[in-house]
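Trainee: Okay, handing you the structure first.
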Amino acid sequence: MITKDKIQHLAAQVFDDVVAFRQHLHANPELSFKEFETSKFIKDKLESWGIPFSSMANTGVVGIIEGALPSDQVIALRADMDALPIFETNDKPYASRNPGVMHACGHDVHSASLLGTAFILNNLKDSFGGTIKLIFQPAEEVLPGGASIMIQEGVLENPVPHNIVGQHVMPLIPSGKVGFRSGIYMASTDELYVTVHGKGGHGAQPHQNIDPVLITAHILVALQQVVSRNADPRLPTVLSFGKVNANGATNIIPNEVKLEGTFRTLNEDWRKEALARMKKMAEGIAESMGGSCDFNIMHGYPFLINEEQLTANAKAYAEDYLGKENVEDLDIWMAAEDFAYYSQVTNACFYRLGTGNPAKNTTNSVHTPNFDVDEDALKTSTGLMAYIALKQLGN
């Protein structure tokens, strides 16, 4: 019989190894679609434990653990592997050895944790029924997202999982705690690339030019009306432009201005309508002022939805494993995650792993050069995911 104490014992047994896995991965980060050494490291660990695996999406790895008892239940557990193009500023022995590349979003934690979970489940396979898929996924950080590619290549087939579970670090939650939210949780995301064309010239002769800087200013202000006056105020919607490049000078009006931004929301119908409105508005404003506008949209991830029953189950299992005081309710999060693709195909639960600890300086946000985690959180991450998987399988 599998007990909570047994899982916690195995989690404690593998803890030092999981910390070492995490530090190795953190010191050797690789960008999206280039996780070759990361993939090899994961395969070597699975092979050493006798866990069969296959390759997918070039650098992706899918392991299979089959319980010895009769059951047709299948659950998938997912971790992402890629790092970000950021120069790390942490002065730690395990800091990035690859300048300009850093695990600033915790994917090293996710992969190391899933390896630890694999160790636990593999040691218990004679005592449970069902099949567990271990998905080590590349390229969460860039479009089109490794999840979409792995789905296209059949990661959710042969066998078909009834559920999929993933976890993600959260420095805003104290280490030792986790957070859950049922229903819609994370936003869709689209990237906007806009070029406003005019006619450049001397700043002292604006009447002889078509000023794309001024046109761009009107477009930037007007597009926010799509959020403030067209979006249902009950529906979270975010439009942000983080890059504006005019490339003129104090007395030089350029020929064009380039904008880059992001649009995020939680409803697919409104997402489609809003993008169409923005494109039409920008092109219309540019034309009315004598210029033109190329409004290009790179469609990104859909919104992420946590299936209510699975998430309620997982939250209850977490309360049992960690204690109710260590399980929090989450609010909507307007960031995006390509785990959303899985959630559009099968029942999914994506929860947060607390990694924050002010005493260890691990409360800095993800995607920053000084991001780090309290590695004590790895005591939580490995055992909890194993516990959720086995409970959901009916063991």
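Letters A, B, ... go to the chains of the structure tokens in the order shown; residues in each chain start at 1; ligands are counted from 1 in the same order.
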Hey, what does DSSP flag as strand (DSSP E) within stretch 225-358 of chain A? Can you give it to me as a VMD selection string?
Mentor: chain A and resid 237 to 245 252 to 253 256 to 265 292 to 299 304 to 306 327 to 329 347 to 356
Trainee: Next, dump the selected residues to file, keeping only C-alpha atoms, as a PDB file, in the first residue's frame.
Mentor:
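Done, and the output landed in again.pdb:
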ATOM      1  CA  THR A 237      -7.639  42.873 -21.075  1.00  0.00           C
ATOM      2  CA  VAL A 238      -4.092  44.204 -21.350  1.00  0.00           C
ATOM      3  CA  LEU A 239      -2.451  46.082 -24.220  1.00  0.00           C
ATOM      4  CA  SER A 240       1.166  47.131 -23.712  1.00  0.00           C
ATOM      5  CA  PHE A 241       3.805  48.465 -26.085  1.00  0.00           C
ATOM      6  CA  GLY A 242       7.322  48.013 -24.778  1.00  0.00           C
ATOM      7  CA  LYS A 243       9.373  49.089 -27.783  1.00  0.00           C
ATOM      8  CA  VAL A 244       9.163  52.247 -29.918  1.00  0.00           C
ATOM      9  CA  ASN A 245      11.942  52.940 -32.412  1.00  0.00           C
ATOM     10  CA  ILE A 252      15.439  64.789 -38.132  1.00  0.00           C
ATOM     11  CA  ILE A 253      11.986  63.368 -38.777  1.00  0.00           C
ATOM     12  CA  GLU A 256       9.174  55.302 -40.345  1.00  0.00           C
ATOM     13  CA  VAL A 257       8.570  54.299 -36.738  1.00  0.00           C
ATOM     14  CA  LYS A 258       8.447  50.723 -35.454  1.00  0.00           C
ATOM     15  CA  LEU A 259       6.358  49.542 -32.500  1.00  0.00           C
ATOM     16  CA  GLU A 260       6.355  46.213 -30.673  1.00  0.00           C
ATOM     17  CA  GLY A 261       3.800  45.227 -28.095  1.00  0.00           C
ATOM     18  CA  THR A 262       1.616  42.533 -26.608  1.00  0.00           C
ATOM     19  CA  PHE A 263      -2.120  41.970 -26.287  1.00  0.00           C
ATOM     20  CA  ARG A 264      -3.547  39.653 -23.616  1.00  0.00           C
ATOM     21  CA  THR A 265      -7.053  38.642 -22.632  1.00  0.00           C
ATOM     22  CA  SER A 292       0.412  54.235 -43.899  1.00  0.00           C
ATOM     23  CA  CYS A 293       0.701  51.436 -41.382  1.00  0.00           C
ATOM     24  CA  ASP A 294       1.717  47.782 -41.504  1.00  0.00           C
ATOM     25  CA  PHE A 295       0.003  46.098 -38.532  1.00  0.00           C
ATOM     26  CA  ASN A 296       1.334  42.563 -38.148  1.00  0.00           C
ATOM     27  CA  ILE A 297       0.047  40.132 -35.548  1.00  0.00           C
ATOM     28  CA  MET A 298       1.965  37.078 -34.370  1.00  0.00           C
ATOM     29  CA  HIS A 299      -0.674  34.941 -32.740  1.00  0.00           C
ATOM     30  CA  LEU A 304      -5.083  28.590 -19.925  1.00  0.00           C
ATOM     31  CA  ILE A 305      -8.013  26.899 -18.241  1.00  0.00           C
ATOM     32  CA  ASN A 306      -7.746  24.619 -15.222  1.00  0.00           C
ATOM     33  CA  VAL A 327      -2.272  25.744   0.110  1.00  0.00           C
ATOM     34  CA  GLU A 328      -3.407  29.120  -1.258  1.00  0.00           C
ATOM     35  CA  ASP A 329      -6.074  30.305  -3.685  1.00  0.00           C
ATOM     36  CA  ASN A 347      -8.277  18.123 -18.628  1.00  0.00           C
ATOM     37  CA  ALA A 348      -5.450  20.159 -17.153  1.00  0.00           C
ATOM     38  CA  CYS A 349      -4.266  21.540 -13.834  1.00  0.00           C
ATOM     39  CA  PHE A 350      -1.465  24.107 -13.674  1.00  0.00           C
ATOM     40  CA  TYR A 351      -0.535  25.148 -10.146  1.00  0.00           C
ATOM     41  CA  ARG A 352       2.084  27.348  -8.501  1.00  0.00           C
ATOM     42  CA  LEU A 353       5.046  26.234  -6.421  1.00  0.00           C
ATOM     43  CA  GLY A 354       6.096  28.774  -3.809  1.00  0.00           C
ATOM     44  CA  THR A 355       9.815  29.579  -3.926  1.00  0.00           C
ATOM     45  CA  GLY A 356       9.953  32.908  -2.087  1.00  0.00           C
TER      46      GLY A 356
END
Trainee: Residues of stretch 64-182 of chain A within 12 Å of stretch 39-51 of chain A: nearest atom pair and distance (Å, one decimal) for each, counting only C-alpha atoms, sorted by chain and number, as CSV?
Mentor:
residue,atom,partner,partner_atom,distance
A:Ile64,CA,A:Ile51,CA,6.5
A:Ile65,CA,A:Ile51,CA,6.5
A:Glu66,CA,A:Ile51,CA,9.4
A:Gly67,CA,A:Ile51,CA,11.9
A:Ala79,CA,A:Ile42,CA,11.3
A:Asp80,CA,A:Ser39,CA,10.8
A:Met81,CA,A:Ser39,CA,8.2
A:Asp82,CA,A:Ser39,CA,10.1
A:Asp108,CA,A:Ile42,CA,11.2
A:His110,CA,A:Ile42,CA,12.0
A:Ser111,CA,A:Ile42,CA,8.2
A:Ala112,CA,A:Ile42,CA,8.7
A:Ser113,CA,A:Ile42,CA,11.4
A:Leu114,CA,A:Ile42,CA,9.8
A:Leu115,CA,A:Ile42,CA,7.5
A:Gly116,CA,A:Lys45,CA,10.0
A:Thr117,CA,A:Leu46,CA,11.3
A:Ala118,CA,A:Leu46,CA,8.0
A:Phe119,CA,A:Trp49,CA,7.3
A:Ile120,CA,A:Trp49,CA,10.6
A:Leu121,CA,A:Ile51,CA,10.3
A:Asn122,CA,A:Ile51,CA,7.4
A:Asn123,CA,A:Trp49,CA,9.1
A:Lys125,CA,A:Ile51,CA,10.8
A:Ile132,CA,A:Ile51,CA,11.0
A:Lys133,CA,A:Ile51,CA,10.7
A:Leu134,CA,A:Ile51,CA,9.9
A:Ile135,CA,A:Ile42,CA,10.8
A:Phe136,CA,A:Ser39,CA,8.2
A:Gln137,CA,A:Ser39,CA,9.2
A:Pro138,CA,A:Ser39,CA,8.7
A:Ala139,CA,A:Ser39,CA,11.9
Trainee: What separation in Å, quoted to one decimal, exists between atom CA of A:Thr59 and atom CA of A:Asp338?
Mentor: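 These two atoms are separated by 16.4 Å.
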Trainee: For each of A:Ala336, A:Ile75, A:Ile219, A:Val19, take the minimum atom-to-atom distance to A:Pro161, counting only C-alpha atoms, then give the residue where this is smallest.
Mentor: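 Smallest distance to A:Pro161 is found for A:Ile75.
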Trainee: Applying 7 Å and only C-alpha atoms, which residues near A:Phe53 remain after dropping the ones on its own chain fewer than 6 positions away? List them as a VMD selection string.
Mentor: chain A and resid 61 to 64
Trainee: Can you tell me which residues surround A:Pro171 at a distance of at most 10 Å, considering only C-alpha atoms, apart from same-chain residues fewer than 4 positions away, and format the answer as a VMD selection string?
Mentor: chain A and resid 106 175 352 to 358 361 to 366 371 to 374
Trainee: Please identify the helix (DSSP H, G or I) residues within stretch 158-369 of chain A (assignment by DSSP from backbone atoms) and present them as a PyMOL selection string.
Mentor: chain A and resi 206-208+212-230+268-288+308-322+324-326+339-343+358-360
Trainee: Kindly indicate which residue among A:Asp211, A:Val142, A:Met170, A:Ser228 lies nearest to A:Gly300, using only C-alpha atoms for the distances.
Mentor: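 Looking at the shortest contact to A:Gly300, the residue is A:Val142.
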Trainee: Which residue gives the smallest distance to A:Ser71 among A:Asn90, A:Gly130, A:Phe21, A:Gln392, with only C-alpha atoms counted?
Mentor: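 Of the candidates, the smallest distance to A:Ser71 is held by A:Gly130.
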